[in-house]
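Visitor: Dropping the structure in here first, questions after.
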Amino acid sequence: MPDQKRTSFKPKTEDFLQILFRTSPDAALVTTISDRTIRMVNDSFTRLTGFTAEEATGSTTTGLNLYVDAADQSRLYQIAEQQGKIENEVVDFRRKDGSLFRGMVNAVLFRSSEEAYIATHVRDLTRELQQQRESEKKDEEYRRLFETMLQGVVYQNTDGKIISANPAAERMLGLSHEELLTRSSFDLQWNIINEDGSPLSGSEHTTMVALRTKKPSGPRIMGVYNAVLKDYIWLSVSATPLFREGETEPYQVYVVMNDITAERKAQESYRLLFHKMLDGFALHEIICDASGKPVDYRYLAINPAFEQMTGLNADDLIGRTIKEALPGTEQYWIDTYGHVALTGEAISFQNYSASLDKYFQVTAYRPAPMQFACSFSDITEQTRFQQEREATREQIDRLAHICDAAPGLIIVSDYTGKILYANDHACHLHHYTKDEFSGMQIDDLVSAQTSEENKKRAQLLRQQDELTFEVIHYTREKTPIPLLIYARRFQWDGESAVLSIGTDMTQLQEAELTLKRSLEQNQRILDNLQDGFYQSKFDGTLLMLNPRMAEMYGFPSVEEMLRVNAKTLYFDVNDRVAMLEKLHADGKVTNYVCRGKRGDGSLVWVSMHVQYLKDAAGEIIGSEGLIRDITERQQMEQEIQLQHESLLASNEILKKRLEQSINAISMIGELRDVYTAGHQRRVRQLACEIGRRCGLSEEAISNLSYGALIHDIGKIKIASDILNKPGKITNLEYQILQTHAEYSYSIVREMDLPNEILTMIHQHHERLDGSGYPNQLAGDQIILESRILAVADVVEAMTSHRPYRPALGIDAALAEIESGRGVKYDAAIVDHCVSLFREQGFVFQADPDT
């Protein structure tokens with residue numbers, strides 16, 4: 001039937017329709033069967049489709065173009081007419097704005113006043129479909145985590161039979177997945193022992209304990225024989241029973257295994273190294289009050305390194321508590337160690353000890369109940385250096401866009417490789433302009449293979465602060481540029497980024513290539529070995545060496561070098577003693593770095609890899625090893641450090657230029673207001689003196705100085721005839737003058753200055769009681785720097801001549817701020833200002849810059 005509108009509809013089941021239409025969260029509509037005219041819609045229908053009730057009522061679904069596929073409409077009406085209802089049909093719909101959504105349709109036919117109607121509910125499935133996709137995604141993430149996690153994970157049923165295991169568990173237990181699925185905790189094929197070496201029965205396995213007690217069990221240490229490794233591996237095993245909702249009996253148990261074999265071996269080594277280790281070590285017992293709260297701890301043992309590091313003597317500490325030995329010890333040390341001793345959770349952290357005035361890197365764990373052991377590293381020097389470096393980095397970040405004066409390559413990129421900044425040196429080196437460099441990718445400068453390596457480096461930089469590596473870049477003309485890159489992560493415009501500082505290694509690589517070719521022509525021993533190789537007795541008698549060894553130590557031939565004793569090849573003979581001690585202790589020495597002495601007495605830095613030399617009978621007769629000359633590497637690291645220091649110096653120069661620029665901007669503003677010439681500089685002089693008495697840092701005083709110099713820069717947008725008008729100004733003119741604070745803020749906001757400067761400029765006419773402008777801020781809404789500027793601005797203005805009045809004098813100015821002390825003006829700042837003038841004899845200089 002053709003679409004037609006009717007003006008009245010009054011169903012008899014009004015109560016039912018009221019409930020349906022007013023409470024249903026689904027879209028609902030009622031249509032007549034005969035002509036399919038829409039008679040009623042609810043609020044949910046209008047929200048979901050975008051049609052108003054007036055637009056929908058009297059129209060048809062065809063007229064509103066609701067169905068994406070018209071065939072769906074016919075199909076649904078056919079179902080309704082045949083079955084008397086529609087159940088859970090999913091259909092795509094179109095909103096008024098053309099956007100699509102998927103809905104679930106339910107409908108029922110009914111009659112009223114001899115007319116047949118169909119009441120339809122449409123549920124928006126958008127959120128459910130999104131949740132379904134997110135759930136599928138999470139399931140996939142959990143599956144990947146299960147398969148790739150380092151911890152071994154096993155699921156067992158209530159009989160202890162293994163029903164699932166991840167690859168890490170397979171590796172730890174030395175069994176395939178199929179083999180594991182045939183095992184249970186009671187399987188006699190297991191060879192499991194306790195920490196003391198006694199057998200561990202299946203009933204005492206952590207899994208069965210968790211199932212039996214219905215509580216998490218572990219962690220428990222056990223040794224499991226791994227047939228692949230032919231040795232025991234030591235595991236820390238925890239088990240958690242799993243329950244279905246509403247049930248009290250577990251249906252499965254979740255077992256987590258951590259391989260602690262290396263830790264066990266480390267503990268054995270620790271006992272030998274306790275008295276020789278460089279890190280401080282201490283064993284304690286925790287002391288708790290009646291409620292179980294940690295309140296103190298007692299020293300049980302310390303090593304010599306701890307004594308040296310802290311300056312405390314073992315005889316004065318053992319058996320005493322920390323509060324007895326160091327009464328000023330902060331409570332957080334006791335709380336932190338108490339948590340370790342009571343829970344068994346190991347912790348590693350950095351913290352500051354006020355009583356020793358030192359920073360420590362601390363690792364703490366629980367060796368026994370109510371005890372904790374700590375290893376300490378004194379990181380005071382590194383921490384303070386890091387703090388200074390971070391402060392310097394912030395300055396560099398702020399001025400990164402003007403680092404073109406730096407002599408080396410500087411590139412800032414995000415973690416996707418997009419170049420955010422490149423200095424002039426980088427542009428010239430690659431033969432690109434600055435505009436061309438902007439928006440390029442690091443991948444545009446390297447080969448495809450290097451691009452993949454850079455992705456790995458980016459991931460590595462997310463885990464550590466800095467990285468040094470060699471890489472090949474290419475110019476616009478595809479000419480290779482070998483570079484030594486120092487990269488570190490830092491903040492750029494508030495986002496994580498990578499700062500790369502590069503050195504062109506072309507000449508160095510050419511020299512290395514020449515050396516390599518020379519070695520290839522002359523080496524005939526040990527398969528073209530490029531490192532020095534030697535064999536010697538323990539008394540220093542050299543038995544054999546290669547030409548590279550003689551070359552490295554400056555001897556004209558192998559024969560001449562064989563005549564000398566190996567002891568003479570060390571710049572410090574104690575280095576040889578230490579190397580041999582390490583060889584005797586560990587059976588081998590890896591990457592032992594020390595200073596060697598050439599035949600002419602000059603220095604050579606070497607890296608040594610040494611092992612025992614044995615005769616045909618297997619008896620140890622001396623040592624043999626590879627020696628690498630690392631002198632150039634040491635020099636290269638020093639060169640990078642020098643470049644870093646040069647960059648810091650450049651930063652100071654740029655900071656000075658910024659200050660000069662702000663001074664220039666300040667003087668530009670004064671050209672418009674001849675009566676207040678010098679006002680901003682005199683305000684700066686007084687504000688900085690007040691700031692020092694308020695205890696501001698040097699950086700904060702520097703920001704206060706910048707803010708004072710340009711706090712009235714917005715007056716350049718105020719008409720000169722208002723600024724310089726003699727006599728009283730009108731209310732309108734005063735309101736115009738007040739806009740200079742907003743204008744000042746708008747101007748300096750474009751200068752990339754610190755937020756503190758922007759805020760103090762914006763707020764310097766605000767008052768504590770809310771009577772100021774432009775935003776009528778009050779109390780703590782006004783920052784300290786703005787309060788200082790407000791007092792300094794008022795005092796300077798009242799003591800200076802204005803076109804509408806003569807200077808009022810310092811007494812009147814001080815009387816003004818004293819009358820507003822604690823009301824309009826900060827009380828402490830007023831006190832500092834009054835003291836400056838009345839007790840310190842402060843006066844404004846004719847030219848504060850002098």
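Residue numbering restarts at 1 in every chain; chains get A, B, ... in the order shown in the structure tokens, and ligands count up from 1 in that same order.
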Set the distance at 12 Å and use only C-alpha atoms: which residues neighbour A:Gln463 once local chain neighbours fewer than 5 positions away are removed? I'd like the list as JSON, numbers by chain.
Guide: {"A": [456, 457, 458, 488, 489]}
Visitor: Using only C-alpha atoms, which residues sit within 12 Å of A:Thr479 once same-chain residues fewer than 2 positions away are excluded, as a PDB file with all heavy atoms, in the first residue's frame?
Guide:
ATOM      1  N   LEU A 429      75.745  17.160   6.108  1.00  0.00           N
ATOM      2  CA  LEU A 429      76.403  15.868   5.958  1.00  0.00           C
ATOM      3  C   LEU A 429      75.622  14.966   5.003  1.00  0.00           C
ATOM      4  O   LEU A 429      76.221  14.216   4.214  1.00  0.00           O
ATOM      5  CB  LEU A 429      76.512  15.190   7.333  1.00  0.00           C
ATOM      6  CG  LEU A 429      77.374  13.935   7.429  1.00  0.00           C
ATOM      7  CD1 LEU A 429      78.822  14.252   7.090  1.00  0.00           C
ATOM      8  CD2 LEU A 429      77.289  13.338   8.824  1.00  0.00           C
ATOM      9  N   HIS A 430      74.283  15.056   5.043  1.00  0.00           N
ATOM     10  CA  HIS A 430      73.452  14.186   4.204  1.00  0.00           C
ATOM     11  C   HIS A 430      73.024  14.853   2.891  1.00  0.00           C
ATOM     12  O   HIS A 430      72.314  14.254   2.099  1.00  0.00           O
ATOM     13  CB  HIS A 430      72.200  13.762   4.977  1.00  0.00           C
ATOM     14  CG  HIS A 430      72.471  12.841   6.121  1.00  0.00           C
ATOM     15  ND1 HIS A 430      72.868  13.301   7.353  1.00  0.00           N
ATOM     16  CD2 HIS A 430      72.424  11.488   6.222  1.00  0.00           C
ATOM     17  CE1 HIS A 430      73.032  12.270   8.172  1.00  0.00           C
ATOM     18  NE2 HIS A 430      72.777  11.162   7.513  1.00  0.00           N
ATOM     19  N   HIS A 431      73.405  16.142   2.695  1.00  0.00           N
ATOM     20  CA  HIS A 431      73.083  16.886   1.464  1.00  0.00           C
ATOM     21  C   HIS A 431      71.578  17.119   1.322  1.00  0.00           C
ATOM     22  O   HIS A 431      71.033  17.043   0.218  1.00  0.00           O
ATOM     23  CB  HIS A 431      73.611  16.155   0.223  1.00  0.00           C
ATOM     24  CG  HIS A 431      75.106  15.971   0.235  1.00  0.00           C
ATOM     25  ND1 HIS A 431      75.780  15.219  -0.708  1.00  0.00           N
ATOM     26  CD2 HIS A 431      76.064  16.431   1.090  1.00  0.00           C
ATOM     27  CE1 HIS A 431      77.079  15.227  -0.438  1.00  0.00           C
ATOM     28  NE2 HIS A 431      77.271  15.953   0.654  1.00  0.00           N
ATOM     29  N   LEU A 445      67.424   7.225   5.462  1.00  0.00           N
ATOM     30  CA  LEU A 445      68.865   7.485   5.446  1.00  0.00           C
ATOM     31  C   LEU A 445      69.690   6.207   5.514  1.00  0.00           C
ATOM     32  O   LEU A 445      70.921   6.280   5.449  1.00  0.00           O
ATOM     33  CB  LEU A 445      69.244   8.387   6.628  1.00  0.00           C
ATOM     34  CG  LEU A 445      68.444   9.683   6.786  1.00  0.00           C
ATOM     35  CD1 LEU A 445      68.880  10.404   8.053  1.00  0.00           C
ATOM     36  CD2 LEU A 445      68.637  10.579   5.568  1.00  0.00           C
ATOM     37  N   VAL A 446      69.036   5.030   5.681  1.00  0.00           N
ATOM     38  CA  VAL A 446      69.775   3.790   5.883  1.00  0.00           C
ATOM     39  C   VAL A 446      69.260   2.716   4.941  1.00  0.00           C
ATOM     40  O   VAL A 446      68.235   2.872   4.274  1.00  0.00           O
ATOM     41  CB  VAL A 446      69.652   3.313   7.350  1.00  0.00           C
ATOM     42  CG1 VAL A 446      70.217   4.348   8.307  1.00  0.00           C
ATOM     43  CG2 VAL A 446      68.201   3.005   7.703  1.00  0.00           C
ATOM     44  N   SER A 447      69.971   1.579   4.913  1.00  0.00           N
ATOM     45  CA  SER A 447      69.561   0.445   4.105  1.00  0.00           C
ATOM     46  C   SER A 447      68.419  -0.296   4.787  1.00  0.00           C
ATOM     47  O   SER A 447      68.123  -0.068   5.962  1.00  0.00           O
ATOM     48  CB  SER A 447      70.736  -0.508   3.907  1.00  0.00           C
ATOM     49  OG  SER A 447      71.130  -1.079   5.140  1.00  0.00           O
ATOM     50  N   ILE A 472      75.717   2.872   9.142  1.00  0.00           N
ATOM     51  CA  ILE A 472      75.976   3.508   7.851  1.00  0.00           C
ATOM     52  C   ILE A 472      74.753   4.305   7.439  1.00  0.00           C
ATOM     53  O   ILE A 472      73.656   3.758   7.324  1.00  0.00           O
ATOM     54  CB  ILE A 472      76.307   2.462   6.756  1.00  0.00           C
ATOM     55  CG1 ILE A 472      77.522   1.634   7.149  1.00  0.00           C
ATOM     56  CG2 ILE A 472      76.552   3.159   5.413  1.00  0.00           C
ATOM     57  CD1 ILE A 472      78.807   2.409   7.230  1.00  0.00           C
ATOM     58  N   HIS A 473      74.916   5.627   7.242  1.00  0.00           N
ATOM     59  CA  HIS A 473      73.889   6.469   6.637  1.00  0.00           C
ATOM     60  C   HIS A 473      74.252   6.722   5.175  1.00  0.00           C
ATOM     61  O   HIS A 473      75.398   6.499   4.765  1.00  0.00           O
ATOM     62  CB  HIS A 473      73.777   7.805   7.378  1.00  0.00           C
ATOM     63  CG  HIS A 473      72.955   7.724   8.622  1.00  0.00           C
ATOM     64  ND1 HIS A 473      72.389   8.829   9.216  1.00  0.00           N
ATOM     65  CD2 HIS A 473      72.596   6.669   9.383  1.00  0.00           C
ATOM     66  CE1 HIS A 473      71.726   8.468  10.285  1.00  0.00           C
ATOM     67  NE2 HIS A 473      71.844   7.148  10.424  1.00  0.00           N
ATOM     68  N   TYR A 474      73.290   7.191   4.398  1.00  0.00           N
ATOM     69  CA  TYR A 474      73.526   7.486   2.993  1.00  0.00           C
ATOM     70  C   TYR A 474      73.089   8.913   2.683  1.00  0.00           C
ATOM     71  O   TYR A 474      72.066   9.392   3.186  1.00  0.00           O
ATOM     72  CB  TYR A 474      72.764   6.498   2.089  1.00  0.00           C
ATOM     73  CG  TYR A 474      73.307   5.101   2.173  1.00  0.00           C
ATOM     74  CD1 TYR A 474      72.813   4.201   3.124  1.00  0.00           C
ATOM     75  CD2 TYR A 474      74.337   4.681   1.335  1.00  0.00           C
ATOM     76  CE1 TYR A 474      73.322   2.912   3.222  1.00  0.00           C
ATOM     77  CE2 TYR A 474      74.844   3.390   1.418  1.00  0.00           C
ATOM     78  CZ  TYR A 474      74.341   2.512   2.354  1.00  0.00           C
ATOM     79  OH  TYR A 474      74.861   1.247   2.450  1.00  0.00           O
ATOM     80  N   THR A 475      73.888   9.601   1.859  1.00  0.00           N
ATOM     81  CA  THR A 475      73.542  10.952   1.437  1.00  0.00           C
ATOM     82  C   THR A 475      72.431  10.908   0.405  1.00  0.00           C
ATOM     83  O   THR A 475      71.971   9.827   0.005  1.00  0.00           O
ATOM     84  CB  THR A 475      74.763  11.654   0.830  1.00  0.00           C
ATOM     85  OG1 THR A 475      75.116  10.973  -0.393  1.00  0.00           O
ATOM     86  CG2 THR A 475      75.951  11.616   1.789  1.00  0.00           C
ATOM     87  N   ARG A 476      72.012  12.093  -0.018  1.00  0.00           N
ATOM     88  CA  ARG A 476      71.007  12.170  -1.075  1.00  0.00           C
ATOM     89  C   ARG A 476      71.463  11.381  -2.308  1.00  0.00           C
ATOM     90  O   ARG A 476      70.666  10.714  -2.979  1.00  0.00           O
ATOM     91  CB  ARG A 476      70.761  13.631  -1.439  1.00  0.00           C
ATOM     92  CG  ARG A 476      69.740  13.821  -2.559  1.00  0.00           C
ATOM     93  CD  ARG A 476      69.878  15.207  -3.173  1.00  0.00           C
ATOM     94  NE  ARG A 476      69.541  16.254  -2.246  1.00  0.00           N
ATOM     95  CZ  ARG A 476      68.299  16.715  -2.052  1.00  0.00           C
ATOM     96  NH1 ARG A 476      67.299  16.187  -2.723  1.00  0.00           N
ATOM     97  NH2 ARG A 476      68.082  17.688  -1.194  1.00  0.00           N
ATOM     98  N   GLU A 477      72.793  11.424  -2.595  1.00  0.00           N
ATOM     99  CA  GLU A 477      73.352  10.754  -3.776  1.00  0.00           C
ATOM    100  C   GLU A 477      73.708   9.302  -3.497  1.00  0.00           C
ATOM    101  O   GLU A 477      74.408   8.665  -4.281  1.00  0.00           O
ATOM    102  CB  GLU A 477      74.600  11.507  -4.255  1.00  0.00           C
ATOM    103  CG  GLU A 477      74.338  12.954  -4.670  1.00  0.00           C
ATOM    104  CD  GLU A 477      74.273  13.892  -3.457  1.00  0.00           C
ATOM    105  OE1 GLU A 477      74.708  13.458  -2.364  1.00  0.00           O
ATOM    106  OE2 GLU A 477      73.776  15.028  -3.606  1.00  0.00           O
ATOM    107  N   ILE A 481      77.946   7.018   4.583  1.00  0.00           N
ATOM    108  CA  ILE A 481      78.592   7.798   5.640  1.00  0.00           C
ATOM    109  C   ILE A 481      78.678   6.914   6.879  1.00  0.00           C
ATOM    110  O   ILE A 481      77.670   6.662   7.538  1.00  0.00           O
ATOM    111  CB  ILE A 481      77.797   9.064   5.996  1.00  0.00           C
ATOM    112  CG1 ILE A 481      77.354   9.839   4.758  1.00  0.00           C
ATOM    113  CG2 ILE A 481      78.598   9.962   6.940  1.00  0.00           C
ATOM    114  CD1 ILE A 481      76.338  10.925   5.065  1.00  0.00           C
ATOM    115  N   PRO A 482      79.857   6.404   7.224  1.00  0.00           N
ATOM    116  CA  PRO A 482      79.977   5.626   8.466  1.00  0.00           C
ATOM    117  C   PRO A 482      79.912   6.561   9.677  1.00  0.00           C
ATOM    118  O   PRO A 482      80.617   7.557   9.738  1.00  0.00           O
ATOM    119  CB  PRO A 482      81.343   4.957   8.330  1.00  0.00           C
ATOM    120  CG  PRO A 482      82.124   5.860   7.433  1.00  0.00           C
ATOM    121  CD  PRO A 482      81.138   6.477   6.488  1.00  0.00           C
ATOM    122  N   THR A 506      84.334   8.276   8.782  1.00  0.00           N
ATOM    123  CA  THR A 506      84.903   7.918   7.486  1.00  0.00           C
ATOM    124  C   THR A 506      86.411   7.721   7.558  1.00  0.00           C
ATOM    125  O   THR A 506      86.944   6.682   7.123  1.00  0.00           O
ATOM    126  CB  THR A 506      84.569   9.011   6.456  1.00  0.00           C
ATOM    127  OG1 THR A 506      83.149   9.175   6.394  1.00  0.00           O
ATOM    128  CG2 THR A 506      85.095   8.624   5.083  1.00  0.00           C
TER     129      THR A 506
END
Visitor: Calculate how many Å separate atom CA of A:Arg692 from atom CA of A:Thr759, rounding to one decimal.
Guide: 19.3 Å
Visitor: Would you list the contacts of A:Asp187 as an mmCIF file with N, CA, C and O atoms, in the first residue's frame, taking every protein, DNA or RNA residue within 10 Å and counting only C-alpha atoms, but skipping same-chain residues closer than 5 positions in sequence?
Guide:
data_model
loop_
_atom_site.group_PDB
_atom_site.id
_atom_site.type_symbol
_atom_site.label_atom_id
_atom_site.label_comp_id
_atom_site.auth_asym_id
_atom_site.auth_seq_id
_atom_site.Cartn_x
_atom_site.Cartn_y
_atom_site.Cartn_z
ATOM 1 N N GLY A 160 45.839 -34.590 39.843
ATOM 2 C CA GLY A 160 47.248 -34.250 39.688
ATOM 3 C C GLY A 160 47.768 -34.479 38.280
ATOM 4 O O GLY A 160 48.947 -34.251 37.997
ATOM 5 N N LYS A 161 46.905 -34.910 37.360
ATOM 6 C CA LYS A 161 47.341 -35.159 35.980
ATOM 7 C C LYS A 161 47.512 -33.848 35.227
ATOM 8 O O LYS A 161 46.699 -32.938 35.338
ATOM 9 N N THR A 182 51.214 -37.119 29.694
ATOM 10 C CA THR A 182 51.077 -38.477 30.235
ATOM 11 C C THR A 182 51.456 -38.543 31.707
ATOM 12 O O THR A 182 51.355 -39.599 32.318
ATOM 13 N N SER A 201 57.852 -36.602 47.834
ATOM 14 C CA SER A 201 56.765 -37.487 47.408
ATOM 15 C C SER A 201 55.706 -36.697 46.654
ATOM 16 O O SER A 201 55.579 -35.480 46.800
ATOM 17 N N GLY A 202 54.918 -37.418 45.867
ATOM 18 C CA GLY A 202 53.877 -36.768 45.071
ATOM 19 C C GLY A 202 52.837 -36.098 45.926
ATOM 20 O O GLY A 202 52.320 -35.035 45.588
#
Visitor: Atom CA of A:Val471 and atom CA of A:Ile485, how far apart in Å?
Guide: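 Answer for the atom CA of A:Ile485 to atom CA of A:Val471 separation: 7.3 Å.
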Visitor: Of the residues A:Ala107, A:Val412, A:Leu777, A:Ile79, which is the one nearest to A:Asp26, using only C-alpha atoms?
Guide: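 With only C-alpha atoms as the atom set, the closest residue is A:Ala107.
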Visitor: What are the DSSP alpha helix (DSSP H) residues of stretch 193-271 of chain A, as number ranges by chain?
Guide: A: 206-213, 261-271
Visitor: Print the selection's residues with N, CA, C and O atoms to a file, as an mmCIF file, in the first residue's frame.
Guide:
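This went into again24.cif:
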data_model
loop_
_atom_site.group_PDB
_atom_site.id
_atom_site.type_symbol
_atom_site.label_atom_id
_atom_site.label_comp_id
_atom_site.auth_asym_id
_atom_site.auth_seq_id
_atom_site.Cartn_x
_atom_site.Cartn_y
_atom_site.Cartn_z
ATOM 1 N N THR A 206 53.663 -29.362 45.633
ATOM 2 C CA THR A 206 52.895 -28.118 45.801
ATOM 3 C C THR A 206 51.498 -28.220 45.188
ATOM 4 O O THR A 206 50.517 -27.707 45.735
ATOM 5 N N THR A 207 51.398 -28.920 44.057
ATOM 6 C CA THR A 207 50.100 -29.079 43.392
ATOM 7 C C THR A 207 49.095 -29.768 44.304
ATOM 8 O O THR A 207 47.966 -29.301 44.493
ATOM 9 N N MET A 208 49.522 -30.898 44.879
ATOM 10 C CA MET A 208 48.592 -31.679 45.683
ATOM 11 C C MET A 208 48.269 -30.973 46.997
ATOM 12 O O MET A 208 47.154 -31.098 47.534
ATOM 13 N N VAL A 209 49.241 -30.219 47.548
ATOM 14 C CA VAL A 209 48.968 -29.448 48.764
ATOM 15 C C VAL A 209 47.891 -28.394 48.497
ATOM 16 O O VAL A 209 46.970 -28.200 49.292
ATOM 17 N N ALA A 210 47.983 -27.710 47.347
ATOM 18 C CA ALA A 210 46.991 -26.686 46.997
ATOM 19 C C ALA A 210 45.609 -27.299 46.817
ATOM 20 O O ALA A 210 44.599 -26.737 47.240
ATOM 21 N N LEU A 211 45.557 -28.489 46.161
ATOM 22 C CA LEU A 211 44.261 -29.149 45.968
ATOM 23 C C LEU A 211 43.695 -29.639 47.303
ATOM 24 O O LEU A 211 42.486 -29.559 47.545
ATOM 25 N N ARG A 212 44.572 -30.123 48.173
ATOM 26 C CA ARG A 212 44.125 -30.680 49.445
ATOM 27 C C ARG A 212 43.635 -29.582 50.398
ATOM 28 O O ARG A 212 42.635 -29.720 51.081
ATOM 29 N N THR A 213 44.378 -28.450 50.435
ATOM 30 C CA THR A 213 44.020 -27.369 51.373
ATOM 31 C C THR A 213 43.049 -26.366 50.784
ATOM 32 O O THR A 213 42.494 -25.539 51.498
ATOM 33 N N THR A 261 67.882 -22.136 39.118
ATOM 34 C CA THR A 261 69.144 -22.869 39.134
ATOM 35 C C THR A 261 70.326 -21.913 39.213
ATOM 36 O O THR A 261 71.257 -22.101 40.001
ATOM 37 N N ALA A 262 70.287 -20.871 38.392
ATOM 38 C CA ALA A 262 71.382 -19.910 38.392
ATOM 39 C C ALA A 262 71.500 -19.211 39.741
ATOM 40 O O ALA A 262 72.601 -18.941 40.223
ATOM 41 N N GLU A 263 70.347 -18.932 40.354
ATOM 42 C CA GLU A 263 70.391 -18.282 41.659
ATOM 43 C C GLU A 263 71.045 -19.193 42.699
ATOM 44 O O GLU A 263 71.812 -18.739 43.547
ATOM 45 N N ARG A 264 70.728 -20.493 42.644
ATOM 46 C CA ARG A 264 71.323 -21.439 43.589
ATOM 47 C C ARG A 264 72.840 -21.477 43.441
ATOM 48 O O ARG A 264 73.583 -21.465 44.417
ATOM 49 N N LYS A 265 73.270 -21.509 42.170
ATOM 50 C CA LYS A 265 74.712 -21.522 41.940
ATOM 51 C C LYS A 265 75.345 -20.214 42.410
ATOM 52 O O LYS A 265 76.459 -20.202 42.943
ATOM 53 N N ALA A 266 74.598 -19.128 42.206
ATOM 54 C CA ALA A 266 75.113 -17.829 42.644
ATOM 55 C C ALA A 266 75.252 -17.777 44.161
ATOM 56 O O ALA A 266 76.178 -17.165 44.702
ATOM 57 N N GLN A 267 74.311 -18.448 44.862
ATOM 58 C CA GLN A 267 74.402 -18.469 46.312
ATOM 59 C C GLN A 267 75.654 -19.208 46.785
ATOM 60 O O GLN A 267 76.295 -18.819 47.769
ATOM 61 N N GLU A 268 75.997 -20.297 46.055
ATOM 62 C CA GLU A 268 77.224 -21.012 46.398
ATOM 63 C C GLU A 268 78.439 -20.113 46.189
ATOM 64 O O GLU A 268 79.360 -20.065 47.001
ATOM 65 N N SER A 269 78.439 -19.406 45.049
ATOM 66 C CA SER A 269 79.550 -18.499 44.765
ATOM 67 C C SER A 269 79.591 -17.358 45.774
ATOM 68 O O SER A 269 80.661 -16.872 46.149
ATOM 69 N N TYR A 270 78.405 -16.958 46.235
ATOM 70 C CA TYR A 270 78.338 -15.830 47.165
ATOM 71 C C TYR A 270 79.111 -16.120 48.450
ATOM 72 O O TYR A 270 79.811 -15.261 48.979
ATOM 73 N N ARG A 271 78.994 -17.341 48.947
ATOM 74 C CA ARG A 271 79.671 -17.660 50.202
ATOM 75 C C ARG A 271 81.185 -17.521 50.073
ATOM 76 O O ARG A 271 81.875 -17.158 51.024
#
Visitor: What residues in stretch 517-658 of chain A get the DSSP label strand (DSSP E or B)? Please answer as a ChimeraX atom specification.
Guide: /A:532-537,541-545,565,570,588-597,603-614,620-629
Visitor: Considering only C-alpha atoms, state which residue in the set A:Trp190, A:Phe555, A:Phe93, A:Tyr534 is at the smallest distance from A:His609.
Guide: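 The answer is A:Tyr534, which sits nearest to A:His609.
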Visitor: Excluding A:Phe837 and its own-chain neighbours fewer than 6 positions away, which residues fall within 9 Å of it when counting only C-alpha atoms? Please give them as a PDB file with all heavy atoms, in the first residue's frame.
Guide:
ATOM      1  N   ILE A 810      58.728  56.351  48.125  1.00  0.00           N
ATOM      2  CA  ILE A 810      58.810  54.977  48.645  1.00  0.00           C
ATOM      3  C   ILE A 810      57.963  54.800  49.887  1.00  0.00           C
ATOM      4  O   ILE A 810      57.391  53.714  50.115  1.00  0.00           O
ATOM      5  CB  ILE A 810      60.285  54.601  48.923  1.00  0.00           C
ATOM      6  CG1 ILE A 810      60.363  53.122  49.289  1.00  0.00           C
ATOM      7  CG2 ILE A 810      60.875  55.453  50.048  1.00  0.00           C
ATOM      8  CD1 ILE A 810      59.844  52.215  48.210  1.00  0.00           C
ATOM      9  N   LEU A 814      55.319  51.779  50.289  1.00  0.00           N
ATOM     10  CA  LEU A 814      55.376  50.760  51.330  1.00  0.00           C
ATOM     11  C   LEU A 814      54.111  50.783  52.172  1.00  0.00           C
ATOM     12  O   LEU A 814      53.641  49.728  52.644  1.00  0.00           O
ATOM     13  CB  LEU A 814      56.607  50.977  52.216  1.00  0.00           C
ATOM     14  CG  LEU A 814      57.969  50.822  51.526  1.00  0.00           C
ATOM     15  CD1 LEU A 814      59.106  51.025  52.515  1.00  0.00           C
ATOM     16  CD2 LEU A 814      58.086  49.447  50.865  1.00  0.00           C
ATOM     17  N   VAL A 843      67.773  50.380  47.002  1.00  0.00           N
ATOM     18  CA  VAL A 843      67.344  51.475  46.117  1.00  0.00           C
ATOM     19  C   VAL A 843      67.377  50.956  44.700  1.00  0.00           C
ATOM     20  O   VAL A 843      68.169  50.078  44.348  1.00  0.00           O
ATOM     21  CB  VAL A 843      68.263  52.711  46.239  1.00  0.00           C
ATOM     22  CG1 VAL A 843      68.130  53.365  47.597  1.00  0.00           C
ATOM     23  CG2 VAL A 843      69.709  52.328  45.964  1.00  0.00           C
TER      24      VAL A 843
END
Visitor: Considering only C-alpha atoms, return as a ChimeraX atom specification whatever protein or nucleic-acid residues lie within 6 Å of stretch 29-31 of chain A, sequence-local ones (same chain, fewer than 3 positions apart) excluded.
Guide: /A:36-41,117-120
Visitor: Would you kindly return, as a list in words, each protein, DNA or RNA residue with an atom no farther than 9 Å from any atom of stretch 599-608 of chain A, considering only C-alpha atoms and excluding same-chain residues fewer than 3 positions away?
Guide: Met552, Tyr553, Gly554, Phe555, Met561, Thr568, Leu569, Phe571, Val589, Thr590, Asn591, Tyr592, Val593, Cys594, Arg595, Gly596, Gly625, Leu626, Ile627, Arg628, Asp629, Ile630, Thr631, Glu632, Arg633 and Gln634 of chain A
Visitor: Which residue is closest to A:Asn703? Choose from A:Ser557, A:Pro726, A:Ile761, A:Gln738 and count only C-alpha atoms.
Guide: A:Ile761
Visitor: By how many Å are atom CA of A:Leu723 and atom CA of A:Pro803 apart?
Guide: 8.5 Å
